[in-house]
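Data block below; observations after.
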Amino acid sequence: MGISKTEKFTKRQNRIAALAKGLGHPARVAILEHLFKFRGCVCGDLVQEIGLAQPTISQHLKELKNLGLIQGNVEGARVCYCIDPDRWIEMKEILLPFLNSDLNVANPCETHGVQ
């Protein structure tokens with residue numbers, strides 16, 4: 001497998017790619033939706049809610065935490081996870097302009113005879 005040459009791309013492009021990769025698994029999307037719904041969560045609840053094994057949930061939580069979208073607080077023997085509101089807003093500020101990049105024509109490939 002070749003080496004990813006991330007240095008050839010802008011900081012913004014690399015951040016968009018990292019966010020997309022982080023959100024690129026349905027279990028992570030489900031975890032985030034659950035955290036938004038309950039404004040916080042204990043990992044055991046996620047196992048029951050999502051229906052995946054504890055180690056799998058822990059790996060997805062680790063990815064979301066490394067991305068900075070969630071934070072965890074130790075409460076006794078448990079870790080309570082929640083959305084990091086500042087990082088969520090930052091993610092939206094990065095992704096929305098990219099996602100709102102409108103095309104000038106309905107389907108630009110049609111103007112070149114490609115369908």
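Residue numbers start at 1 in each chain; chains themselves are named A, B, ... in the order of the structure tokens; ligands are numbered from 1 in the order shown.
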Mind the document's chain letters and residue numbers, and return as a PyMOL selection string the residues of chain A that DSSP labels alpha helix (DSSP H).
chain A and resi 11-22+26-38+43-50+54-67+85-99
Using the chain letters and numbers from this document, which residues of chain A does DSSP assign to strand (DSSP E or B), as a list in words?
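DSSP on the backbone gives strand (DSSP E or B) at Cys41, Val42, Ile70, Gln71, Gly72, Asn73, Val74, Glu75, Arg78, Val79, Cys80, Tyr81, Cys82 and Ile83 of chain A.
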Could you tell me which of A:Leu23, A:Asn14, A:Leu52, A:Leu95 comes closest to Leu69 of chain A if we count only C-alpha atoms?
A:Leu23
